[in-house]
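K.L.:
Mind looking over this structure? Questions follow.
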Protein chains: 2
Amino acid sequence: MSKINVGLIGLGTVGGGVLKVLKDNPDICIKKIAVRDINKKRDIDGLDTSILTNDPFSIVQDSDIDVVVEVMGGVNPALDLLESAVRNGKHVVTANKELLAKHGEELFKLANEKNVVILYEAAIAGGIPIIMPIKTTLAGNKIKKIAAILNGTTNYILTKMEESDVSYEEVLKEAQQLGYAEADPTGDVEGFDSAYKITTLATIALNQRVDINKVYREGITKISADDMKFAQELGYKIKLIALAEVNENNETDVRVHPMLVPETNILSTIHDVTNAVLVEGFPVGKVVFAGPGAGEMPTASSVVGDILAIQQNISAPEPLPMMRCHHKVNANQLNIADTTNKYYISLTAVNSPGVIGTIGEICGKHKINLSSVLQKGANSRENTAKIVIITESSKESNIQNAFSELNGNANIVKVNNLIRVME
Amino acid sequence: MSKINVGLIGLGTVGGGVLKVLKDNPDICIKKIAVRDINKKRDIDGLDTSILTNDPFSIVQDSDIDVVVEVMGGVNPALDLLESAVRNGKHVVTANKELLAKHGEELFKLANEKNVVILYEAAIAGGIPIIMPIKTTLAGNKIKKIAAILNGTTNYILTKMEESDVSYEEVLKEAQQLGYAEADPTGDVEGFDSAYKITTLATIALNQRVDINKVYREGITKISADDMKFAQELGYKIKLIALAEVNENNETDVRVHPMLVPETNILSTIHDVTNAVLVEGFPVGKVVFAGPGAGEMPTASSVVGDILAIQQNISAPEPLPMMRCHHKVNANQLNIADTTNKYYISLTAVNSPGVIGTIGEICGKHKINLSSVLQKGANSRENTAKIVIITESSKESNIQNAFSELNGNANIVKVNNLIRVME
């Protein structure tokens, strides 16, 4: 088997893990490592500091290097670096979900022209094998739908809210103290991270170029302790779900938002920082992949798997089709307003006998059928009651119109939340 | 991409599915199909009956055929056919778990000599991608343990027993009527099917030749409605688990038997005919693969995935390492008597104040610590009581000795069951 030289860009959590896993591999030589500060103290067993450089461009230009492994993250300068690596005929392994979501297509196109491959198993769901199974075992399938939990931080927060009946804010604070959430949690809790991942995953699974700018995104910050409790009473768990689906009209629906997931669905059983990807296709039916979606060693597992795949293939005259990423078709992406969903609506209303009738009337006017309406406790001092509705499948634009009309109605104090429901 | 010719041996459920999936694929030509009876009426859309033959050897000898797909099952004549196919330089795709478990090693060795590959994704867990992820994304891991539900029939029976509190015999009858269990259910309910699958899966995952003759096997026929109920009260589900593990002394432990699985373990949430494989390795940690373990279309999905992988690789001078199966080391397989487990023991005892003391004494004498002892209802007419014990980790041989002594004690009417408990 060929021995290969690897240049590593980035020596943070994931880079350190990759180094640990590869240190005894006789066929893979880490020739250079680009870091920001060469003199920083690093607690990495057996690290040869003579291979460190603070010039990442020296790696992508090094003619001895066969594979560039990028684990620095962010768009700049990662995009320039990887473009340059590909132009110089190097294969690339990257864990950079933001870069792939925003610039994947141009990088993949360039890689095809240059007859090299870009592998990115670690960028989607950490240690969970998902890209390679889609490209190999599931290659004979037409994948129709993916529903996934792709962000560990938000799943941890939602799990703790579910277990302890406390507010989002309190759990976030605790997660930050434990290191499960960052000081600025926006990327996770507002769904950016999941949106990056589902954009690239949908592109490979549906075999269409998905545009991140058309991916609807909504985070978990509005989920209340009440929502958690009501959802559980109705037989659901609330999860931040990344969805990708192609309908019969070949319209593609890719989005990220919280959902009420029925307790009978395996995604409802995925707790804490665990990730999971449910793939639905023909002929396979439904398959689920679950495991650690982040972390030093799980992410290193996927990066190393990609490096080994390239190593096996490196002496071939050209990359195997299963290693390539070529998507000829642009997805015809649905606007969220044109999608159809079941909804959970939580309201605070004036506690009067006619109020449920009023709600039913407004919903009916907007062609929304109600599947259940529950009054959840009254506040006698304020003369209000909380009401929870689950609708039948309804068009999002109708729901949004009903939402406005409900919010403006004299008998409705406030529409507290609107959460989509998984069927 | 190269166009390839496939010879299909067997046109039952799986063969029919493969044909349906491949019928519009321009690169894969099904050139011949071997069946038992050429004149049998078949309800397969667009089947060209002129390619049917009742001589499977004409397929493995056909110089135009690149890949032999064997979906007939059983050892004879499948072994002769595949040996002959490999000797004639053909790649092989097979769904034959019994053949692989019993004769995999000789076939793999021959395939390596002949520079062809034998792929068998469909033989382990139907539509669930498990072999290819182990060979690719997880290739950098040292896999330490696999715990899996690999048989849909038994998982269906156990799920129904759990839901409906009825006996094994009643549920089996219902499963037979629904077509989920065969008229002779032995292969499934006695664990043979799971044992075949874990033997081949352990061989690839642990990278050691596992001998099916040293795989301990115990089925589900002794599980009673009481066991189901007691397990649930204690926070467990009963599942038929296929295990494979390597310990620190490099001893390999491969076995199939029912287990009490804690409700916090994802395997406890796998219902009905669904299969699941939990893989534990370094650096990845724990990953789970779940989905349909059998059936026409899911199994066809895996067979077709393997055919496509071969097609992509067919013009290469030699197969990629990830496509090969070469295991140089024989596993040092542990005898079940030398394994260590927690146990559930269900007893019927004389309802006297001293009986729990007697049980504790006998267990203590055999170095078994008890984690809980519960009296589950007394029968005043017969003056007996049911007692359920969960032990701490104990050596199997000690448990078997205690079992004999308990069964011979005057105060113990009967030891009803002994089931291992997953930690």
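How things are named: the first chain in the structure tokens is A, the next is B, and so on; residues count from 1 in each chain; ligands count from 1 in the order shown.
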Write out as a ChimeraX atom specification each polymer residue whose atoms come within 12 Å of Glu233 of chain A, counting only C-alpha atoms; drop sequence neighbours fewer than 6 positions from it.
P.N.:
/A:162,226-227,260,262-263,374,376,388
K.L.:
Got a sec to pull out which chain B residues are within 9 Å of chain A, counting only C-alpha atoms, and send them as a tab-separated table (two decimals) with N, CA and C atoms, in the first residue's frame?
P.N.:
chain	number	residue	atom	x	y	z
B	1	MET	N	-17.75	5.25	-17.11
B	1	MET	CA	-17.77	4.14	-16.15
B	1	MET	C	-18.01	2.82	-16.90
B	17	GLY	N	-36.13	-8.50	-5.84
B	17	GLY	CA	-35.88	-7.10	-5.46
B	17	GLY	C	-34.70	-6.51	-6.21
B	21	VAL	N	-34.66	-3.21	-8.76
B	21	VAL	CA	-33.84	-2.02	-8.55
B	21	VAL	C	-32.92	-1.76	-9.74
B	22	LEU	N	-32.42	-2.84	-10.35
B	22	LEU	CA	-31.42	-2.66	-11.41
B	22	LEU	C	-32.02	-2.52	-12.80
B	121	GLU	N	-22.65	-7.18	2.21
B	121	GLU	CA	-23.39	-6.25	3.08
B	121	GLU	C	-24.77	-6.80	3.45
B	126	GLY	N	-29.39	-6.96	6.61
B	126	GLY	CA	-30.33	-6.56	5.56
B	126	GLY	C	-29.96	-5.23	4.93
B	127	GLY	N	-30.83	-4.24	5.10
B	127	GLY	CA	-30.62	-2.95	4.45
B	127	GLY	C	-29.70	-2.00	5.20
B	128	ILE	N	-29.32	-2.34	6.42
B	128	ILE	CA	-28.49	-1.43	7.22
B	128	ILE	C	-27.05	-1.45	6.74
B	129	PRO	N	-26.49	-0.28	6.38
B	129	PRO	CA	-25.08	-0.27	6.02
B	129	PRO	C	-24.24	-0.50	7.27
B	130	ILE	N	-23.48	-1.59	7.30
B	130	ILE	CA	-22.63	-1.83	8.45
B	130	ILE	C	-21.23	-2.29	8.04
B	131	ILE	N	-21.14	-3.14	7.04
B	131	ILE	CA	-19.82	-3.64	6.62
B	131	ILE	C	-19.00	-2.51	5.97
B	132	MET	N	-19.62	-1.79	5.02
B	132	MET	CA	-18.88	-0.73	4.33
B	132	MET	C	-18.47	0.40	5.28
B	133	PRO	N	-19.33	0.86	6.20
B	133	PRO	CA	-18.86	1.85	7.18
B	133	PRO	C	-17.68	1.35	8.02
B	134	ILE	N	-17.69	0.08	8.40
B	134	ILE	CA	-16.56	-0.45	9.17
B	134	ILE	C	-15.29	-0.44	8.32
B	135	LYS	N	-15.44	-0.77	7.02
B	135	LYS	CA	-14.26	-0.82	6.14
B	135	LYS	C	-13.78	0.56	5.71
B	136	THR	N	-14.64	1.58	5.80
B	136	THR	CA	-14.24	2.89	5.29
B	136	THR	C	-14.16	3.93	6.41
B	137	THR	N	-15.30	4.56	6.75
B	137	THR	CA	-15.26	5.65	7.73
B	137	THR	C	-14.64	5.23	9.05
B	138	LEU	N	-14.91	4.00	9.48
B	138	LEU	CA	-14.40	3.55	10.79
B	138	LEU	C	-13.06	2.82	10.67
B	139	ALA	N	-12.44	2.88	9.49
B	139	ALA	CA	-11.23	2.08	9.25
B	139	ALA	C	-10.08	2.45	10.18
B	140	GLY	N	-10.06	3.67	10.71
B	140	GLY	CA	-9.00	4.07	11.63
B	140	GLY	C	-9.24	3.64	13.06
B	141	ASN	N	-10.35	2.95	13.31
B	141	ASN	CA	-10.70	2.57	14.68
B	141	ASN	C	-10.22	1.18	15.05
B	266	ILE	N	-29.90	2.33	23.84
B	266	ILE	CA	-30.69	2.51	22.62
B	266	ILE	C	-31.21	1.18	22.07
B	269	THR	N	-34.78	0.31	22.63
B	269	THR	CA	-35.82	1.04	21.91
B	269	THR	C	-36.04	0.52	20.49
B	270	ILE	N	-35.35	-0.55	20.13
B	270	ILE	CA	-35.47	-1.12	18.78
B	270	ILE	C	-36.61	-2.14	18.78
B	276	ALA	N	-30.54	-3.55	14.74
B	276	ALA	CA	-29.64	-2.46	15.11
B	276	ALA	C	-28.29	-3.02	15.50
B	282	PHE	N	-12.33	2.75	19.38
B	282	PHE	CA	-11.49	3.92	19.62
B	282	PHE	C	-10.87	4.32	18.29
B	283	PRO	N	-10.97	5.60	17.92
B	283	PRO	CA	-11.39	6.77	18.68
B	283	PRO	C	-12.89	7.13	18.63
B	284	VAL	N	-13.71	6.41	17.90
B	284	VAL	CA	-15.05	6.96	17.63
B	284	VAL	C	-15.98	6.99	18.84
B	285	GLY	N	-15.81	6.05	19.78
B	285	GLY	CA	-16.80	5.92	20.84
B	285	GLY	C	-17.90	4.98	20.37
B	286	LYS	N	-19.16	5.32	20.69
B	286	LYS	CA	-20.27	4.43	20.33
B	286	LYS	C	-21.07	4.98	19.16
B	287	VAL	N	-21.24	4.18	18.13
B	287	VAL	CA	-22.14	4.56	17.04
B	287	VAL	C	-23.16	3.43	16.83
B	288	VAL	N	-24.34	3.84	16.39
B	288	VAL	CA	-25.43	2.88	16.21
B	288	VAL	C	-25.95	2.96	14.80
B	289	PHE	N	-26.21	1.81	14.21
B	289	PHE	CA	-26.81	1.71	12.88
B	289	PHE	C	-28.10	0.91	13.04
B	290	ALA	N	-29.22	1.48	12.59
B	290	ALA	CA	-30.49	0.76	12.76
B	290	ALA	C	-31.32	0.84	11.50
B	291	GLY	N	-32.16	-0.16	11.29
B	291	GLY	CA	-33.02	-0.16	10.11
B	291	GLY	C	-33.60	-1.52	9.83
B	292	PRO	N	-34.12	-1.72	8.61
B	292	PRO	CA	-34.76	-2.99	8.28
B	292	PRO	C	-33.72	-4.09	8.05
B	296	GLU	N	-37.52	-7.95	1.04
B	296	GLU	CA	-37.14	-7.90	-0.37
B	296	GLU	C	-36.34	-6.64	-0.71
B	297	MET	N	-36.93	-5.46	-0.49
B	297	MET	CA	-36.30	-4.24	-0.99
B	297	MET	C	-35.10	-3.78	-0.14
B	298	PRO	N	-35.19	-3.82	1.20
B	298	PRO	CA	-34.00	-3.44	1.98
B	298	PRO	C	-32.79	-4.31	1.65
B	299	THR	N	-33.01	-5.62	1.54
B	299	THR	CA	-31.89	-6.51	1.26
B	299	THR	C	-31.35	-6.23	-0.14
B	300	ALA	N	-32.27	-5.97	-1.09
B	300	ALA	CA	-31.84	-5.62	-2.45
B	300	ALA	C	-30.99	-4.35	-2.44
B	301	SER	N	-31.33	-3.40	-1.57
B	301	SER	CA	-30.56	-2.16	-1.46
B	301	SER	C	-29.09	-2.46	-1.20
B	302	SER	N	-28.83	-3.36	-0.25
B	302	SER	CA	-27.44	-3.68	0.09
B	302	SER	C	-26.75	-4.48	-1.01
B	303	VAL	N	-27.48	-5.42	-1.63
B	303	VAL	CA	-26.89	-6.19	-2.72
B	303	VAL	C	-26.49	-5.25	-3.86
B	304	VAL	N	-27.38	-4.33	-4.20
B	304	VAL	CA	-27.11	-3.40	-5.30
B	304	VAL	C	-25.94	-2.46	-4.94
B	305	GLY	N	-25.89	-2.00	-3.68
B	305	GLY	CA	-24.76	-1.17	-3.24
B	305	GLY	C	-23.43	-1.89	-3.46
B	306	ASP	N	-23.40	-3.18	-3.15
B	306	ASP	CA	-22.17	-3.96	-3.36
B	306	ASP	C	-21.85	-4.11	-4.85
B	308	LEU	N	-22.63	-2.04	-7.21
B	308	LEU	CA	-22.15	-0.73	-7.69
B	308	LEU	C	-20.71	-0.48	-7.24
B	309	ALA	N	-20.37	-0.90	-6.02
B	309	ALA	CA	-18.99	-0.72	-5.54
B	309	ALA	C	-18.03	-1.51	-6.42
B	312	GLN	N	-17.60	0.19	-9.85
B	312	GLN	CA	-16.72	1.36	-9.82
B	312	GLN	C	-15.26	0.97	-9.82
B	313	ASN	N	-15.00	-0.18	-9.26
B	313	ASN	CA	-13.62	-0.61	-9.00
B	313	ASN	C	-13.12	-1.58	-10.05
B	316	ALA	N	-9.85	-1.25	-12.06
B	316	ALA	CA	-8.59	-1.06	-11.32
B	316	ALA	C	-7.72	-2.31	-11.45
B	317	PRO	N	-6.39	-2.14	-11.41
B	317	PRO	CA	-5.51	-3.29	-11.55
B	317	PRO	C	-5.71	-4.32	-10.42
B	320	LEU	N	-9.34	-2.41	-4.23
B	320	LEU	CA	-8.95	-1.58	-3.10
B	320	LEU	C	-8.91	-2.41	-1.83
B	321	PRO	N	-8.00	-2.08	-0.92
B	321	PRO	CA	-7.99	-2.79	0.37
B	321	PRO	C	-9.36	-2.78	1.05
B	322	MET	N	-10.11	-1.66	0.90
B	322	MET	CA	-11.41	-1.59	1.59
B	322	MET	C	-12.42	-2.59	1.04
K.L.:
Identify all residues of segment 112-350 of chain A in helix (DSSP H, G or I) (DSSP on the backbone) and supply them as a PyMOL selection string.
P.N.:
chain A and resi 112-113+122-125+131-135+152-164+168-178+186-189+192-206+212-214+225-233+266-269+296-313+321-323+336-338
K.L.:
Using only C-alpha atoms, determine which residues lie at most 9 Å from Gly7 of chain B, disregarding the query and same-chain residues fewer than 4 positions distant; provide the list as a PDB file with C-alpha atoms, in the first residue's frame.
P.N.:
ATOM      1  CA  CYS B  29     -26.686  -5.832 -17.265  1.00  0.00           C
ATOM      2  CA  ILE B  30     -28.265  -8.908 -15.708  1.00  0.00           C
ATOM      3  CA  LYS B  31     -27.098 -11.437 -18.241  1.00  0.00           C
ATOM      4  CA  LYS B  32     -28.314 -14.734 -16.758  1.00  0.00           C
ATOM      5  CA  ILE B  33     -30.474 -15.818 -13.856  1.00  0.00           C
ATOM      6  CA  ALA B  34     -30.342 -19.309 -12.347  1.00  0.00           C
ATOM      7  CA  ILE B  59     -23.345 -18.772 -14.742  1.00  0.00           C
ATOM      8  CA  VAL B  60     -20.134 -19.195 -12.777  1.00  0.00           C
ATOM      9  CA  ASP B  62     -19.750 -17.864 -18.288  1.00  0.00           C
ATOM     10  CA  ILE B  65     -20.085 -12.510 -16.569  1.00  0.00           C
ATOM     11  CA  ASP B  66     -18.058 -10.177 -14.333  1.00  0.00           C
ATOM     12  CA  VAL B  67     -19.976 -10.460 -11.077  1.00  0.00           C
ATOM     13  CA  VAL B  68     -21.875 -13.405  -9.608  1.00  0.00           C
ATOM     14  CA  VAL B  69     -24.674 -12.430  -7.230  1.00  0.00           C
ATOM     15  CA  GLU B  70     -25.722 -15.333  -5.025  1.00  0.00           C
TER      16      GLU B  70
END
K.L.:
So which bits of segment 149-352 of chain A end up strand (DSSP E or B) when you DSSP the backbone, as a PyMOL selection string?
P.N.:
chain A and resi 149+209+216-217+236-246+252-262+274-282+285-292+330+333+340-350
K.L.:
Could you list, as JSON, numbers by chain, every residue within 12 Å of segment 331-341 of chain B, counting only C-alpha atoms and ignoring same-chain residues fewer than 5 positions away?
P.N.:
{"B": [199, 202, 203, 204, 205, 206, 207, 208, 209, 210, 211, 212, 213, 214, 215, 216, 217, 218, 243, 244, 245, 246, 247, 249, 250, 251, 252, 253, 254, 255, 256, 257, 259, 260, 368, 369, 390, 391, 392, 393, 394, 395, 396, 397, 398, 399, 400, 401, 418, 419, 420, 421, 422, 423]}
K.L.:
Give me a file of those residues, with N, CA and C atoms, as a compact mmCIF listing (two decimals), in the first residue's frame.
P.N.:
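The resulting file, part-v3.txt, is shown below:
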# COMPACT_ATOMS: atom_id res chain seq x y z
N THR B 199 -20.96 -13.92 13.63
CA THR B 199 -19.67 -14.55 13.31
C THR B 199 -18.96 -13.77 12.20
N ALA B 202 -18.27 -10.04 13.37
CA ALA B 202 -17.15 -9.97 14.32
C ALA B 202 -15.83 -10.17 13.59
N THR B 203 -15.81 -11.05 12.62
CA THR B 203 -14.58 -11.31 11.86
C THR B 203 -14.07 -10.02 11.22
N ILE B 204 -14.97 -9.28 10.57
CA ILE B 204 -14.52 -8.05 9.90
C ILE B 204 -14.27 -6.94 10.92
N ALA B 205 -15.10 -6.82 11.94
CA ALA B 205 -14.99 -5.69 12.87
C ALA B 205 -13.79 -5.84 13.79
N LEU B 206 -13.55 -7.06 14.27
CA LEU B 206 -12.44 -7.29 15.20
C LEU B 206 -11.17 -7.69 14.46
N ASN B 207 -11.30 -7.92 13.15
CA ASN B 207 -10.16 -8.26 12.30
C ASN B 207 -9.46 -9.54 12.78
N GLN B 208 -10.29 -10.53 13.09
CA GLN B 208 -9.79 -11.84 13.53
C GLN B 208 -10.76 -12.88 12.99
N ARG B 209 -10.25 -14.05 12.64
CA ARG B 209 -11.14 -15.12 12.18
C ARG B 209 -11.91 -15.69 13.36
N VAL B 210 -13.23 -15.56 13.31
CA VAL B 210 -14.08 -16.09 14.38
C VAL B 210 -14.66 -17.43 13.92
N ASP B 211 -14.55 -18.44 14.80
CA ASP B 211 -15.01 -19.78 14.46
C ASP B 211 -16.45 -19.95 14.97
N ILE B 212 -17.37 -20.18 14.04
CA ILE B 212 -18.79 -20.33 14.40
C ILE B 212 -18.99 -21.46 15.42
N ASN B 213 -18.13 -22.48 15.37
CA ASN B 213 -18.30 -23.61 16.29
C ASN B 213 -17.99 -23.25 17.74
N LYS B 214 -17.32 -22.11 17.93
CA LYS B 214 -17.02 -21.67 19.30
C LYS B 214 -17.91 -20.50 19.72
N VAL B 215 -18.93 -20.22 18.92
CA VAL B 215 -19.86 -19.13 19.27
C VAL B 215 -21.00 -19.71 20.11
N TYR B 216 -21.11 -19.24 21.35
CA TYR B 216 -22.20 -19.71 22.23
C TYR B 216 -23.53 -19.20 21.70
N ARG B 217 -24.55 -20.05 21.75
CA ARG B 217 -25.83 -19.69 21.15
C ARG B 217 -26.99 -20.19 22.01
N GLU B 218 -27.91 -19.31 22.28
CA GLU B 218 -29.08 -19.65 23.09
C GLU B 218 -30.24 -18.83 22.54
N LEU B 243 -23.41 -10.60 20.51
CA LEU B 243 -22.29 -9.85 21.11
C LEU B 243 -20.96 -10.28 20.50
N ALA B 244 -20.07 -9.33 20.39
CA ALA B 244 -18.68 -9.65 20.02
C ALA B 244 -17.80 -8.65 20.74
N GLU B 245 -16.78 -9.14 21.42
CA GLU B 245 -15.96 -8.25 22.23
C GLU B 245 -14.55 -8.81 22.35
N VAL B 246 -13.58 -7.89 22.37
CA VAL B 246 -12.20 -8.30 22.65
C VAL B 246 -11.81 -7.70 23.99
N ASN B 247 -11.27 -8.49 24.90
CA ASN B 247 -10.88 -7.94 26.20
C ASN B 247 -9.41 -7.55 26.22
N ASN B 249 -6.92 -8.92 27.50
CA ASN B 249 -6.00 -10.03 27.27
C ASN B 249 -6.07 -10.54 25.84
N ASN B 250 -6.75 -9.77 24.98
CA ASN B 250 -6.92 -10.16 23.58
C ASN B 250 -7.69 -11.47 23.43
N GLU B 251 -8.55 -11.75 24.40
CA GLU B 251 -9.47 -12.88 24.26
C GLU B 251 -10.75 -12.36 23.62
N THR B 252 -11.31 -13.16 22.74
CA THR B 252 -12.48 -12.73 21.97
C THR B 252 -13.72 -13.47 22.45
N ASP B 253 -14.78 -12.72 22.65
CA ASP B 253 -16.00 -13.26 23.23
C ASP B 253 -17.13 -13.00 22.23
N VAL B 254 -17.57 -14.06 21.56
CA VAL B 254 -18.65 -13.91 20.57
C VAL B 254 -19.79 -14.85 20.94
N ARG B 255 -21.00 -14.33 21.05
CA ARG B 255 -22.13 -15.17 21.50
C ARG B 255 -23.46 -14.54 21.17
N VAL B 256 -24.48 -15.37 21.24
CA VAL B 256 -25.86 -14.94 20.99
C VAL B 256 -26.74 -15.50 22.09
N HIS B 257 -27.44 -14.65 22.79
CA HIS B 257 -28.40 -15.11 23.79
C HIS B 257 -29.31 -13.96 24.17
N MET B 259 -30.90 -11.09 26.45
CA MET B 259 -30.34 -10.26 27.52
C MET B 259 -31.40 -9.29 28.02
N LEU B 260 -31.29 -8.94 29.30
CA LEU B 260 -32.03 -7.80 29.82
C LEU B 260 -31.23 -6.56 29.45
N ILE B 368 -21.04 -15.11 44.29
CA ILE B 368 -21.96 -14.26 43.53
C ILE B 368 -22.57 -13.23 44.46
N ASN B 369 -22.31 -11.95 44.18
CA ASN B 369 -22.94 -10.88 44.96
C ASN B 369 -24.29 -10.52 44.34
N ILE B 390 -31.24 -10.00 40.71
CA ILE B 390 -30.25 -9.47 39.77
C ILE B 390 -28.90 -9.53 40.49
N THR B 391 -27.92 -10.14 39.84
CA THR B 391 -26.61 -10.28 40.48
C THR B 391 -25.67 -9.16 40.06
N GLU B 392 -24.59 -9.01 40.81
CA GLU B 392 -23.47 -8.20 40.35
C GLU B 392 -22.73 -9.02 39.29
N SER B 393 -21.70 -8.43 38.68
CA SER B 393 -20.91 -9.17 37.69
C SER B 393 -20.34 -10.43 38.32
N SER B 394 -20.58 -11.56 37.67
CA SER B 394 -20.17 -12.85 38.23
C SER B 394 -19.67 -13.74 37.10
N LYS B 395 -18.87 -14.69 37.46
CA LYS B 395 -18.34 -15.60 36.44
C LYS B 395 -19.43 -16.61 36.07
N GLU B 396 -19.56 -16.85 34.79
CA GLU B 396 -20.61 -17.75 34.30
C GLU B 396 -20.53 -19.13 34.95
N SER B 397 -19.30 -19.66 35.10
CA SER B 397 -19.18 -21.00 35.69
C SER B 397 -19.69 -21.02 37.13
N ASN B 398 -19.46 -19.93 37.86
CA ASN B 398 -19.98 -19.85 39.23
C ASN B 398 -21.51 -19.82 39.22
N ILE B 399 -22.05 -19.07 38.28
CA ILE B 399 -23.51 -18.98 38.17
C ILE B 399 -24.10 -20.35 37.86
N GLN B 400 -23.44 -21.08 36.97
CA GLN B 400 -23.98 -22.40 36.60
C GLN B 400 -23.93 -23.35 37.80
N ASN B 401 -22.87 -23.26 38.59
CA ASN B 401 -22.79 -24.08 39.80
C ASN B 401 -23.87 -23.70 40.80
N LEU B 418 -32.71 -18.08 33.74
CA LEU B 418 -31.43 -17.43 34.01
C LEU B 418 -31.14 -16.64 32.74
N ILE B 419 -31.11 -15.30 32.84
CA ILE B 419 -30.90 -14.48 31.65
C ILE B 419 -29.79 -13.49 31.95
N ARG B 420 -28.86 -13.34 31.03
CA ARG B 420 -27.76 -12.39 31.24
C ARG B 420 -28.27 -10.96 31.12
N VAL B 421 -27.59 -10.07 31.82
CA VAL B 421 -28.03 -8.67 31.90
C VAL B 421 -26.96 -7.77 31.30
N MET B 422 -27.35 -6.89 30.40
CA MET B 422 -26.40 -5.96 29.80
C MET B 422 -26.11 -4.83 30.80
N GLU B 423 -24.84 -4.45 30.90
CA GLU B 423 -24.49 -3.39 31.88
C GLU B 423 -24.87 -2.01 31.32
K.L.:
Quick one: residues within 12 Å of Val350 of chain A, only C-alpha atoms, excluding same-chain residues fewer than 2 positions away - as an NGL selection string?
P.N.:
:A and (347-348 or 352-356 or 358-359 or 375 or 378-387 or 409-415)
K.L.:
I'd like the interatomic distance between atom CA of Glu98 of chain B and atom CA of Leu47 of chain B, to a tenth of an Å.
P.N.:
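So the two atoms, atom CA of Glu98 of chain B and atom CA of Leu47 of chain B, lie 28.6 Å apart.
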